[in-house]
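Chemist: One file: data_27.txt (compact mmCIF, C-alpha atoms).
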```
# COMPACT_ATOMS: atom_id res chain seq x y z
CA MET A 18 135.32 154.78 121.24
CA ASN A 19 136.75 151.61 122.81
CA HIS A 20 134.23 151.95 125.66
CA PHE A 21 131.29 152.05 123.26
CA PHE A 22 132.69 149.17 121.21
CA ARG A 23 133.05 146.98 124.32
CA LEU A 24 129.51 147.90 125.35
CA PHE A 25 128.22 146.95 121.90
CA CYS A 26 129.97 143.58 122.05
CA ILE A 27 128.51 142.84 125.49
CA LEU A 28 125.00 143.72 124.35
CA PHE A 29 125.40 141.61 121.19
CA PHE A 30 126.57 138.66 123.28
CA LEU A 31 123.67 139.02 125.71
CA MET A 32 121.18 139.19 122.81
CA GLY A 33 122.50 135.83 121.61
CA ILE A 34 122.02 134.07 124.93
CA PRO A 35 118.24 133.43 124.60
CA VAL A 36 118.66 131.94 121.13
CA ALA A 37 121.46 129.60 122.19
CA SER A 38 119.61 128.69 125.35
CA THR A 39 116.43 127.92 123.40
CA ALA A 40 118.32 125.62 121.04
CA GLN A 41 120.12 123.85 123.88
CA ASN A 42 116.89 123.25 125.82
CA PHE A 43 115.01 121.98 122.78
CA PRO A 44 112.27 120.80 122.88
CA THR A 45 110.13 122.63 125.41
CA LYS A 46 106.76 121.99 123.76
CA PRO A 47 105.08 119.43 121.45
CA ILE A 48 106.42 118.95 117.91
CA ARG A 49 104.22 118.68 114.80
CA MET A 50 105.14 116.05 112.21
CA LEU A 51 103.25 116.76 108.99
CA VAL A 52 102.38 113.86 106.70
CA ALA A 53 101.37 114.64 103.12
CA TYR A 54 99.11 111.61 102.84
CA ALA A 55 95.84 110.39 104.31
CA PRO A 56 95.69 108.42 107.58
CA GLY A 57 96.20 104.68 107.36
CA GLY A 58 98.67 104.59 104.48
CA GLY A 59 102.26 103.38 104.67
CA THR A 60 103.77 106.84 105.21
CA ASP A 61 101.25 107.64 107.93
CA ILE A 62 101.89 104.37 109.77
CA LEU A 63 105.66 104.86 109.57
CA ALA A 64 105.31 108.43 110.86
CA ARG A 65 103.22 107.36 113.84
CA VAL A 66 105.61 104.59 114.83
CA LEU A 67 108.53 107.02 114.61
CA ALA A 68 106.69 109.88 116.34
CA GLN A 69 105.89 107.77 119.39
CA ALA A 70 109.49 106.62 119.82
CA MET A 71 110.97 110.06 119.14
CA GLY A 72 108.58 111.62 121.64
CA ASP A 73 109.73 109.16 124.30
CA ASP A 74 113.33 110.23 123.75
CA LEU A 75 112.67 113.96 123.41
CA GLY A 76 110.38 114.13 126.42
CA GLN A 77 107.67 115.89 124.42
CA LEU A 78 104.74 114.74 122.30
CA VAL A 79 105.42 114.43 118.59
CA VAL A 80 102.00 114.89 117.03
CA VAL A 81 101.34 113.50 113.54
CA GLU A 82 99.20 115.81 111.43
CA ASN A 83 97.85 114.62 108.06
CA ARG A 84 97.72 117.28 105.32
CA PRO A 85 97.17 115.36 102.08
CA GLY A 86 96.70 116.85 98.63
CA ALA A 87 98.35 118.57 95.65
CA GLY A 88 100.95 115.87 95.16
CA SER A 89 102.25 116.35 98.73
CA GLN A 90 102.72 120.10 98.17
CA ILE A 91 100.22 121.20 100.85
CA ALA A 92 102.09 119.66 103.77
CA THR A 93 105.46 120.55 102.26
CA GLY A 94 104.43 124.16 101.75
CA LEU A 95 103.29 124.47 105.36
CA VAL A 96 106.70 123.38 106.59
CA ALA A 97 108.42 125.73 104.13
CA GLN A 98 106.44 128.62 105.66
CA SER A 99 106.85 127.56 109.29
CA VAL A 100 109.05 129.14 111.94
CA PRO A 101 112.58 127.66 111.65
CA ASP A 102 112.69 126.35 115.20
CA GLY A 103 112.37 122.56 114.75
CA TYR A 104 108.81 122.36 116.06
CA THR A 105 107.29 121.74 112.62
CA LEU A 106 108.68 118.79 110.66
CA LEU A 107 107.82 117.09 107.40
CA MET A 108 107.78 113.32 106.97
CA ALA A 109 109.17 113.62 103.47
CA THR A 110 109.15 110.86 100.88
CA THR A 111 110.62 110.33 97.43
CA ALA A 112 107.89 112.68 96.17
CA HIS A 113 110.05 115.50 97.53
CA SER A 114 112.73 114.60 94.97
CA ILE A 115 110.28 113.89 92.17
CA ASN A 116 108.01 116.94 92.38
CA PRO A 117 110.52 119.53 91.08
CA GLY A 118 110.52 117.66 87.77
CA PHE A 119 106.76 118.00 87.46
CA PHE A 120 105.94 121.27 89.23
CA LYS A 121 107.95 124.10 87.69
CA ASN A 122 106.09 126.84 89.57
CA SER A 123 106.14 125.38 93.07
CA PRO A 124 105.84 127.99 95.85
CA TYR A 125 108.93 126.59 97.55
CA ASP A 126 112.34 125.25 96.60
CA SER A 127 112.66 121.61 97.60
CA ILE A 128 116.34 122.03 98.48
CA SER A 129 117.05 125.57 99.68
CA ASP A 130 113.86 126.01 101.72
CA PHE A 131 114.47 122.99 103.94
CA ALA A 132 116.94 121.71 106.49
CA ALA A 133 117.67 118.01 106.14
CA VAL A 134 117.30 116.23 109.48
CA GLY A 135 117.84 112.62 108.47
CA ARG A 136 116.46 109.70 106.54
CA VAL A 137 114.56 107.10 108.49
CA ALA A 138 113.99 104.16 106.18
CA SER A 139 113.66 103.02 102.61
CA VAL A 140 111.56 100.40 100.91
CA PRO A 141 112.04 98.93 97.45
CA LEU A 142 109.27 98.67 94.94
CA ILE A 143 108.16 95.29 93.69
CA LEU A 144 107.29 94.63 90.07
CA LEU A 145 103.99 92.78 90.09
CA VAL A 146 102.52 90.96 87.11
CA SER A 147 99.07 89.53 86.60
CA PRO A 148 98.68 85.76 86.87
CA THR A 149 96.95 85.95 83.47
CA ILE A 150 100.19 86.56 81.54
CA PRO A 151 102.83 83.84 80.96
CA VAL A 152 105.87 85.48 82.55
CA SER A 153 107.76 84.67 85.71
CA ASN A 154 110.85 86.90 85.43
CA ILE A 155 112.12 90.15 83.93
CA LYS A 156 113.57 88.59 80.78
CA GLU A 157 110.27 86.91 79.96
CA LEU A 158 108.38 90.16 80.57
CA ILE A 159 110.69 92.10 78.28
CA ALA A 160 110.41 89.42 75.60
CA LEU A 161 106.60 89.50 75.80
CA ALA A 162 106.56 93.31 75.64
CA LYS A 163 108.75 93.25 72.54
CA GLU A 164 106.58 90.57 70.98
CA LYS A 165 103.46 92.65 71.65
CA PRO A 166 104.50 96.32 71.56
CA GLY A 167 101.86 98.59 73.07
CA ARG A 168 99.69 95.65 74.14
CA LEU A 169 100.77 95.48 77.80
CA ASN A 170 99.39 97.98 80.31
CA ASN A 171 101.23 99.29 83.36
CA ALA A 172 98.99 100.52 86.19
CA MET A 173 100.41 103.49 88.07
CA ALA A 174 99.65 106.43 90.32
CA THR A 175 100.51 109.52 88.27
CA GLY A 176 103.48 111.52 89.46
CA ALA A 177 104.59 109.03 92.09
CA ILE A 178 107.76 106.95 92.16
CA VAL A 179 105.78 103.98 90.82
CA HIS A 180 105.02 106.10 87.75
CA LEU A 181 108.64 107.01 87.11
CA ALA A 182 109.89 103.50 87.89
CA GLY A 183 107.67 102.31 85.04
CA GLU A 184 109.03 105.00 82.71
CA MET A 185 112.61 104.13 83.64
CA PHE A 186 111.89 100.44 83.07
CA LYS A 187 110.50 101.11 79.59
CA LYS A 188 113.52 103.18 78.60
CA MET A 189 116.15 100.80 79.97
CA ALA A 190 114.40 97.70 78.56
CA GLY A 191 113.62 99.34 75.22
CA VAL A 192 109.97 98.32 75.28
CA GLU A 193 106.65 99.98 74.54
CA ILE A 194 104.22 99.58 77.45
CA VAL A 195 101.10 101.70 77.94
CA ALA A 196 100.84 103.59 81.26
CA VAL A 197 97.34 103.52 82.74
CA ALA A 198 96.69 106.12 85.43
CA TYR A 199 94.89 105.33 88.69
CA LYS A 200 94.12 107.45 91.74
CA GLY A 201 96.68 105.56 93.77
CA ASN A 202 97.85 101.98 93.43
CA SER A 203 95.23 100.36 95.68
CA PRO A 204 92.35 100.83 93.19
CA ALA A 205 94.44 99.11 90.51
CA TYR A 206 94.77 95.78 92.31
CA PRO A 207 91.43 94.27 91.19
CA ASP A 208 92.27 95.09 87.56
CA LEU A 209 95.78 93.67 87.90
CA ILE A 210 94.52 90.46 89.46
CA SER A 211 91.85 90.03 86.77
CA GLY A 212 94.25 90.83 83.93
CA ARG A 213 92.70 94.10 82.73
CA VAL A 214 96.16 95.55 83.31
CA GLN A 215 99.20 93.34 83.19
CA LEU A 216 101.85 94.86 85.45
CA MET A 217 102.44 97.41 88.18
CA PHE A 218 105.22 98.73 90.40
CA ASP A 219 104.21 99.16 94.03
CA ALA A 220 105.90 99.45 97.41
CA LEU A 221 107.09 96.08 98.64
CA SER A 222 105.15 96.60 101.86
CA SER A 223 101.90 96.81 99.85
CA GLY A 224 102.59 94.35 97.07
CA LEU A 225 104.27 91.47 98.89
CA PRO A 226 101.10 90.39 100.77
CA GLN A 227 99.35 90.00 97.40
CA VAL A 228 102.19 87.78 96.19
CA GLN A 229 102.22 85.74 99.38
CA ALA A 230 98.46 85.24 99.04
CA GLY A 231 98.97 83.84 95.54
CA LYS A 232 96.97 86.58 93.85
CA LEU A 233 99.87 88.10 91.91
CA LYS A 234 103.37 87.26 90.77
CA GLY A 235 106.25 89.32 92.15
CA ILE A 236 109.07 89.00 89.64
CA ALA A 237 111.61 91.57 90.87
CA VAL A 238 112.37 94.26 93.45
CA THR A 239 113.85 97.63 92.54
CA SER A 240 116.54 97.94 95.22
CA ALA A 241 120.25 97.53 94.53
CA ARG A 242 120.25 94.40 96.70
CA ARG A 243 117.59 91.82 97.49
CA SER A 244 115.24 92.71 100.31
CA GLN A 245 115.41 90.84 103.60
CA ALA A 246 111.62 90.77 103.53
CA ALA A 247 111.63 88.89 100.21
CA PRO A 248 115.06 87.27 99.76
CA ASP A 249 113.84 84.88 97.04
CA ILE A 250 112.76 87.69 94.72
CA PRO A 251 115.64 88.95 92.53
CA THR A 252 116.38 92.59 91.80
CA VAL A 253 115.59 94.20 88.45
CA ALA A 254 119.29 94.96 88.09
CA GLU A 255 120.43 91.38 88.50
CA SER A 256 117.64 90.18 86.23
CA GLY A 257 118.95 91.91 83.14
CA LEU A 258 118.82 95.69 83.65
CA PRO A 259 122.03 96.59 85.52
CA GLY A 260 121.92 99.97 87.21
CA PHE A 261 118.15 99.96 87.70
CA GLU A 262 117.32 101.24 91.18
CA ALA A 263 114.15 102.90 92.47
CA ASP A 264 113.82 102.76 96.23
CA ALA A 265 111.22 104.82 98.04
CA TRP A 266 112.78 106.72 100.94
CA TYR A 267 111.35 108.42 104.03
CA GLY A 268 113.01 111.14 106.07
CA LEU A 269 112.45 114.22 108.19
CA LEU A 270 112.86 117.78 106.99
CA ALA A 271 112.63 121.04 108.90
CA ARG A 272 112.44 124.63 107.70
CA ALA A 273 115.70 126.09 106.38
CA GLY A 274 117.39 128.17 109.06
CA THR A 275 116.58 125.78 111.89
CA PRO A 276 119.50 125.97 114.37
CA PRO A 277 122.09 123.22 113.75
CA THR A 278 121.90 122.18 117.41
CA VAL A 279 118.17 121.55 117.04
CA VAL A 280 118.68 119.62 113.81
CA SER A 281 121.36 117.55 115.51
CA ARG A 282 119.08 116.81 118.48
CA LEU A 283 116.30 115.68 116.15
CA ASN A 284 118.70 113.49 114.19
CA ASP A 285 119.86 111.91 117.43
CA ALA A 286 116.22 111.26 118.37
CA ILE A 287 115.68 109.46 115.05
CA ARG A 288 118.71 107.24 115.67
CA LYS A 289 117.53 106.33 119.14
CA ALA A 290 113.96 105.75 117.96
CA VAL A 291 114.85 103.26 115.23
CA ALA A 292 117.15 101.43 117.66
CA VAL A 293 114.15 100.50 119.82
CA PRO A 294 113.45 96.76 119.22
CA LYS A 295 109.68 97.30 118.96
CA VAL A 296 110.21 99.97 116.29
CA GLN A 297 112.64 97.77 114.39
CA ASP A 298 110.20 94.88 114.43
CA SER A 299 107.37 97.10 113.15
CA LEU A 300 109.41 98.54 110.30
CA HIS A 301 110.92 95.23 109.24
CA THR A 302 107.48 93.61 109.24
CA MET A 303 106.31 96.32 106.83
CA GLY A 304 109.29 95.66 104.55
CA TYR A 305 111.29 98.78 105.42
CA THR A 306 115.07 98.92 105.58
CA ILE A 307 116.13 101.17 108.44
CA LEU A 308 118.76 103.77 107.62
CA VAL A 309 119.68 106.98 109.38
CA ASP A 310 122.27 109.30 107.89
CA SER A 311 123.63 112.59 109.17
CA PRO A 312 121.92 115.86 108.21
CA ALA A 313 124.78 116.63 105.81
CA GLU A 314 124.57 113.18 104.21
CA PHE A 315 120.80 113.49 103.82
CA ALA A 316 121.15 116.95 102.27
CA SER A 317 123.65 115.59 99.74
CA TYR A 318 121.40 112.62 98.98
CA LEU A 319 118.41 114.91 98.38
CA LYS A 320 120.29 116.91 95.77
CA LEU A 321 121.42 113.81 93.88
CA ASP A 322 118.00 112.15 94.08
CA THR A 323 116.30 115.29 92.77
CA ILE A 324 118.68 115.40 89.82
CA LYS A 325 118.09 111.69 89.13
CA TRP A 326 114.30 111.89 89.00
CA GLY A 327 114.32 115.22 87.18
CA LYS A 328 116.29 113.52 84.43
CA VAL A 329 113.83 110.62 84.28
CA VAL A 330 110.87 113.02 84.03
CA LYS A 331 112.54 114.99 81.24
CA GLU A 332 113.75 112.03 79.20
CA SER A 333 110.48 110.12 79.48
CA GLY A 334 108.27 113.09 78.73
CA ALA A 335 106.10 112.05 81.69
CA THR A 336 103.40 114.51 82.68
CA LEU A 337 100.68 114.76 85.32
CA ASP A 338 97.92 114.94 82.70
```
So that I can check it, write out the structure of this file as structure tokens.
Modeler:
Amino acid sequence: MNHFFRLFCILFFLMGIPVASTAQNFPTKPIRMLVAYAPGGGTDILARVLAQAMGDDLGQLVVVENRPGAGSQIATGLVAQSVPDGYTLLMATTAHSINPGFFKNSPYDSISDFAAVGRVASVPLILLVSPTIPVSNIKELIALAKEKPGRLNNAMATGAIVHLAGEMFKKMAGVEIVAVAYKGNSPAYPDLISGRVQLMFDALSSGLPQVQAGKLKGIAVTSARRSQAAPDIPTVAESGLPGFEADAWYGLLARAGTPPTVVSRLNDAIRKAVAVPKVQDSLHTMGYTILVDSPAEFASYLKLDTIKWGKVVKESGATLD
């Protein structure tokens, strides 16, 4: 009996060698980084900057593949169904935390079906107001909204963080503002500039150039602290709504079950990539704050962020209609 037991243990150990070896030698072929949005947008640009630098460190190509549609669920679903070997990654965004509140019958679980690799960066939103309305700060905007309940319109992309930031603002400020849906924020800019809609939350990287060009007024950012890219613009929290925070984050996810050694290697590649001066310059120019946490820290953050936005969806009654 002891002879057979020892033989079994030896065979079991030998069977484990290829798996361990594969993880330790990772990567041995190109890696796919799926982006849930069309080419040319902020997430796509960030992914391509990161992919190039990560590929240099990993010694393999990191190929960005755009799979837009279904509120980011197409790309996310592909990663959820992929082989858990670290060769298929998702450039996840805040939508990953928001979607569970909207999509109750999603084909994947946003937490249990993924392995957190690490966040890459975050960017605050900026609250933009039309030059046609007489406000220059949060208190004046709230006062105007209370003076004219239901008369101000907030442009937003349905289901995105800009949508829920607007809902959270209405609740915390106690105002009635009408949400006007657009197919993305870009199409709303002409209407915001002309005054057909009066306000909009957008990523700082997209909205700040409009402010700098004098086309719109940027009255607050949604981060906990002022952004280095716009230090003169106060936060919503310091302007009268303490506790208001709505940063957009970006990070890499792999399929659940990916070997911890592979996840660790990918996390290390992120850290080295964002330490490259050229990468730092690119991200800072676009208004991003670089942050890289451990896989465990990112996993914990994902759970808390999903709870946060799920609560906002429920309390606001926001829908994708």
Chemist: If you count only C-alpha atoms, which residues fall within 12 Å of Val296 (chain A), apart from same-chain ones fewer than 5 positions away, as a ChimeraX atom specification?
Modeler: /A:62-71,137-138,287-291,301-303,305-307
Chemist: Applying 9 Å and all atoms listed in the file, which residues near Leu75 (chain A) remain after dropping the ones on its own chain fewer than 5 positions away? List them as a ChimeraX atom specification.
Modeler: /A:43-44,70,282-283,286
Chemist: So, counting only C-alpha atoms, which residue among A:Asp285, A:Asp264, A:Glu164, A:Glu255 is closest to Ser240 (chain A)?
Modeler: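 Among the listed residues, the smallest separation from Ser240 (chain A) belongs to A:Asp264.
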Chemist: Nearest residue to Leu51 (chain A) out of A:Asp249, A:Glu82, A:Asp130, A:Asp298, using all atoms listed in the file?
Modeler: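 Closest to Leu51 (chain A), using all atoms listed in the file: A:Glu82.
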Chemist: Between A:Ser223, A:Gly94, A:Val279, A:Ser147, single out the one closest to Gln41 (chain A), counting all atoms listed in the file.
Modeler: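 Selected residue with least distance to Gln41 (chain A): A:Val279.
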Chemist: Please measure the separation of CA of Thr278 (chain A) and CA of Asn42 (chain A), giving the value in Å to one decimal.
Modeler: 9.8 Å
Chemist: What is the distance, in Å and to one decimal place, between CA of Gln297 (chain A) and CA of Ala237 (chain A)?
Modeler: 24.3 Å
Chemist: Please work out which residues fall within 10 Å of (120.3, 102.7, 88.4), coordinates as given in the file, with only C-alpha atoms counting, and return them as a PyMOL selection string.
Modeler: chain A and resi 185+189+239-241+253-254+258-263+325
Chemist: List the neighbours of Asp322 (chain A) out to 12 Å using all atoms listed in the file; skip same-chain residues closer than 2 positions along the sequence, and give me the result as a PyMOL selection string.
Modeler: chain A and resi 110-118+127-128+178+262-266+315-320+324-329
Chemist: Restricting the output to C-alpha atoms, write the selected residues as a CSV table (one decimal), in the frame of the given file.
Modeler:
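Ended up saving to part-v2.csv:
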```csv
chain,number,residue,atom,x,y,z
A,110,THR,CA,109.2,110.9,100.9
A,111,THR,CA,110.6,110.3,97.4
A,112,ALA,CA,107.9,112.7,96.2
A,113,HIS,CA,110.0,115.5,97.5
A,114,SER,CA,112.7,114.6,95.0
A,115,ILE,CA,110.3,113.9,92.2
A,116,ASN,CA,108.0,116.9,92.4
A,117,PRO,CA,110.5,119.5,91.1
A,118,GLY,CA,110.5,117.7,87.8
A,127,SER,CA,112.7,121.6,97.6
A,128,ILE,CA,116.3,122.0,98.5
A,178,ILE,CA,107.8,107.0,92.2
A,262,GLU,CA,117.3,101.2,91.2
A,263,ALA,CA,114.2,102.9,92.5
A,264,ASP,CA,113.8,102.8,96.2
A,265,ALA,CA,111.2,104.8,98.0
A,266,TRP,CA,112.8,106.7,100.9
A,315,PHE,CA,120.8,113.5,103.8
A,316,ALA,CA,121.2,117.0,102.3
A,317,SER,CA,123.6,115.6,99.7
A,318,TYR,CA,121.4,112.6,99.0
A,319,LEU,CA,118.4,114.9,98.4
A,320,LYS,CA,120.3,116.9,95.8
A,324,ILE,CA,118.7,115.4,89.8
A,325,LYS,CA,118.1,111.7,89.1
A,326,TRP,CA,114.3,111.9,89.0
A,327,GLY,CA,114.3,115.2,87.2
A,328,LYS,CA,116.3,113.5,84.4
A,329,VAL,CA,113.8,110.6,84.3
```
Chemist: What does the distance between CA of Ile250 (chain A) and CA of Asn171 (chain A) come to in Å, to one decimal place?
Modeler: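 Spanning CA of Ile250 (chain A) to CA of Asn171 (chain A) is a straight-line distance of 19.9 Å.
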Chemist: As an mmCIF file with C-alpha atoms, in the coordinates of the input, please: the residues near Asp208 (chain A) (cut-off 9 Å, all atoms listed in the file, same-chain neighbours under 6 positions excluded).
Modeler:
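Final output, saved to part.cif:
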```
data_model
loop_
_atom_site.group_PDB
_atom_site.id
_atom_site.type_symbol
_atom_site.label_atom_id
_atom_site.label_comp_id
_atom_site.auth_asym_id
_atom_site.auth_seq_id
_atom_site.Cartn_x
_atom_site.Cartn_y
_atom_site.Cartn_z
ATOM 1 C CA SER A 147 99.070 89.530 86.600
ATOM 2 C CA ALA A 172 98.990 100.520 86.190
ATOM 3 C CA VAL A 214 96.160 95.550 83.310
ATOM 4 C CA GLN A 215 99.200 93.340 83.190
#
```
Chemist: Restricting the calculation to all atoms listed in the file, which member of A:Val52, A:Ile143, A:Leu308, A:Met217 is positioned closest to Leu106 (chain A)?
Modeler: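 Closest residue, counting all atoms listed in the file: A:Val52.
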Chemist: List the neighbours of Ala196 (chain A) out to 12 Å using only C-alpha atoms; skip same-chain residues closer than 3 positions along the sequence, and give me the result as an NGL selection string.
Modeler: :A and (167-176 or 179-184 or 186-187 or 193 or 199 or 214-218 or 333 or 335-338)
Chemist: Using all atoms listed in the file, find the one residue out of A:Lys156, A:Met108, A:Arg84, A:Gly304 that sits nearest to Arg136 (chain A).
Modeler: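 Selected residue with least distance to Arg136 (chain A): A:Met108.
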Chemist: From the set A:Leu107, A:Leu270, A:Val79, A:Ala313, which residue has the shortest atom-to-atom contact distance to Val134 (chain A), counting all atoms listed in the file?
Modeler: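 Selected residue with least distance to Val134 (chain A): A:Leu270.
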Chemist: Taking only C-alpha atoms, show region 194-255 of chain A of the given structure as a PDB file, in the first residue's frame.
Modeler:
```pdb
ATOM      1  CA  ILE A 194     -32.730  68.541 -12.796  1.00  0.00           C
ATOM      2  CA  VAL A 195     -33.893  66.785 -15.963  1.00  0.00           C
ATOM      3  CA  ALA A 196     -31.545  64.116 -17.379  1.00  0.00           C
ATOM      4  CA  VAL A 197     -31.284  64.232 -21.173  1.00  0.00           C
ATOM      5  CA  ALA A 198     -29.833  61.103 -22.773  1.00  0.00           C
ATOM      6  CA  TYR A 199     -27.229  61.206 -25.544  1.00  0.00           C
ATOM      7  CA  LYS A 200     -25.347  58.453 -27.358  1.00  0.00           C
ATOM      8  CA  GLY A 201     -22.152  59.382 -25.572  1.00  0.00           C
ATOM      9  CA  ASN A 202     -21.023  62.732 -24.250  1.00  0.00           C
ATOM     10  CA  SER A 203     -19.330  64.011 -27.417  1.00  0.00           C
ATOM     11  CA  PRO A 204     -22.615  64.607 -29.301  1.00  0.00           C
ATOM     12  CA  ALA A 205     -23.871  66.711 -26.384  1.00  0.00           C
ATOM     13  CA  TYR A 206     -21.147  69.351 -26.569  1.00  0.00           C
ATOM     14  CA  PRO A 207     -22.746  71.522 -29.288  1.00  0.00           C
ATOM     15  CA  ASP A 208     -26.008  71.615 -27.307  1.00  0.00           C
ATOM     16  CA  LEU A 209     -24.178  72.428 -24.074  1.00  0.00           C
ATOM     17  CA  ILE A 210     -22.207  75.235 -25.682  1.00  0.00           C
ATOM     18  CA  SER A 211     -25.341  76.712 -27.274  1.00  0.00           C
ATOM     19  CA  GLY A 212     -27.393  76.411 -24.087  1.00  0.00           C
ATOM     20  CA  ARG A 213     -29.932  73.813 -25.237  1.00  0.00           C
ATOM     21  CA  VAL A 214     -28.759  71.827 -22.226  1.00  0.00           C
ATOM     22  CA  GLN A 215     -27.254  73.579 -19.254  1.00  0.00           C
ATOM     23  CA  LEU A 216     -24.845  71.180 -17.567  1.00  0.00           C
ATOM     24  CA  MET A 217     -22.961  67.931 -18.014  1.00  0.00           C
ATOM     25  CA  PHE A 218     -20.479  65.711 -16.190  1.00  0.00           C
ATOM     26  CA  ASP A 219     -17.656  64.447 -18.374  1.00  0.00           C
ATOM     27  CA  ALA A 220     -14.165  63.032 -17.933  1.00  0.00           C
ATOM     28  CA  LEU A 221     -11.672  65.762 -17.117  1.00  0.00           C
ATOM     29  CA  SER A 222      -9.534  64.639 -20.049  1.00  0.00           C
ATOM     30  CA  SER A 223     -12.421  65.406 -22.436  1.00  0.00           C
ATOM     31  CA  GLY A 224     -13.978  68.419 -20.769  1.00  0.00           C
ATOM     32  CA  LEU A 225     -10.952  70.454 -19.714  1.00  0.00           C
ATOM     33  CA  PRO A 226      -9.927  71.384 -23.292  1.00  0.00           C
ATOM     34  CA  GLN A 227     -13.394  72.894 -23.794  1.00  0.00           C
ATOM     35  CA  VAL A 228     -12.940  74.970 -20.648  1.00  0.00           C
ATOM     36  CA  GLN A 229      -9.449  76.050 -21.628  1.00  0.00           C
ATOM     37  CA  ALA A 230     -10.777  77.101 -25.031  1.00  0.00           C
ATOM     38  CA  GLY A 231     -13.354  79.325 -23.333  1.00  0.00           C
ATOM     39  CA  LYS A 232     -16.320  77.420 -24.731  1.00  0.00           C
ATOM     40  CA  LEU A 233     -17.624  76.126 -21.397  1.00  0.00           C
ATOM     41  CA  LYS A 234     -17.297  76.789 -17.696  1.00  0.00           C
ATOM     42  CA  GLY A 235     -15.775  74.077 -15.509  1.00  0.00           C
ATOM     43  CA  ILE A 236     -17.053  74.697 -12.001  1.00  0.00           C
ATOM     44  CA  ALA A 237     -15.920  71.588 -10.110  1.00  0.00           C
ATOM     45  CA  VAL A 238     -14.167  68.224 -10.346  1.00  0.00           C
ATOM     46  CA  THR A 239     -15.528  65.068  -8.747  1.00  0.00           C
ATOM     47  CA  SER A 240     -12.363  63.692  -7.134  1.00  0.00           C
ATOM     48  CA  ALA A 241     -11.703  63.795  -3.395  1.00  0.00           C
ATOM     49  CA  ARG A 242      -8.808  66.191  -4.032  1.00  0.00           C
ATOM     50  CA  ARG A 243      -8.163  68.783  -6.719  1.00  0.00           C
ATOM     51  CA  SER A 244      -6.618  67.477  -9.905  1.00  0.00           C
ATOM     52  CA  GLN A 245      -3.034  68.341 -10.793  1.00  0.00           C
ATOM     53  CA  ALA A 246      -4.267  68.911 -14.336  1.00  0.00           C
ATOM     54  CA  ALA A 247      -6.693  71.606 -13.149  1.00  0.00           C
ATOM     55  CA  PRO A 248      -5.545  72.833  -9.715  1.00  0.00           C
ATOM     56  CA  ASP A 249      -7.663  76.004  -9.881  1.00  0.00           C
ATOM     57  CA  ILE A 250     -10.932  74.091 -10.198  1.00  0.00           C
ATOM     58  CA  PRO A 251     -12.379  73.120  -6.788  1.00  0.00           C
ATOM     59  CA  THR A 252     -13.893  69.750  -5.964  1.00  0.00           C
ATOM     60  CA  VAL A 253     -17.641  69.224  -5.632  1.00  0.00           C
ATOM     61  CA  ALA A 254     -17.040  68.115  -2.047  1.00  0.00           C
ATOM     62  CA  GLU A 255     -15.241  71.278  -1.003  1.00  0.00           C
TER      63      GLU A 255
END
```
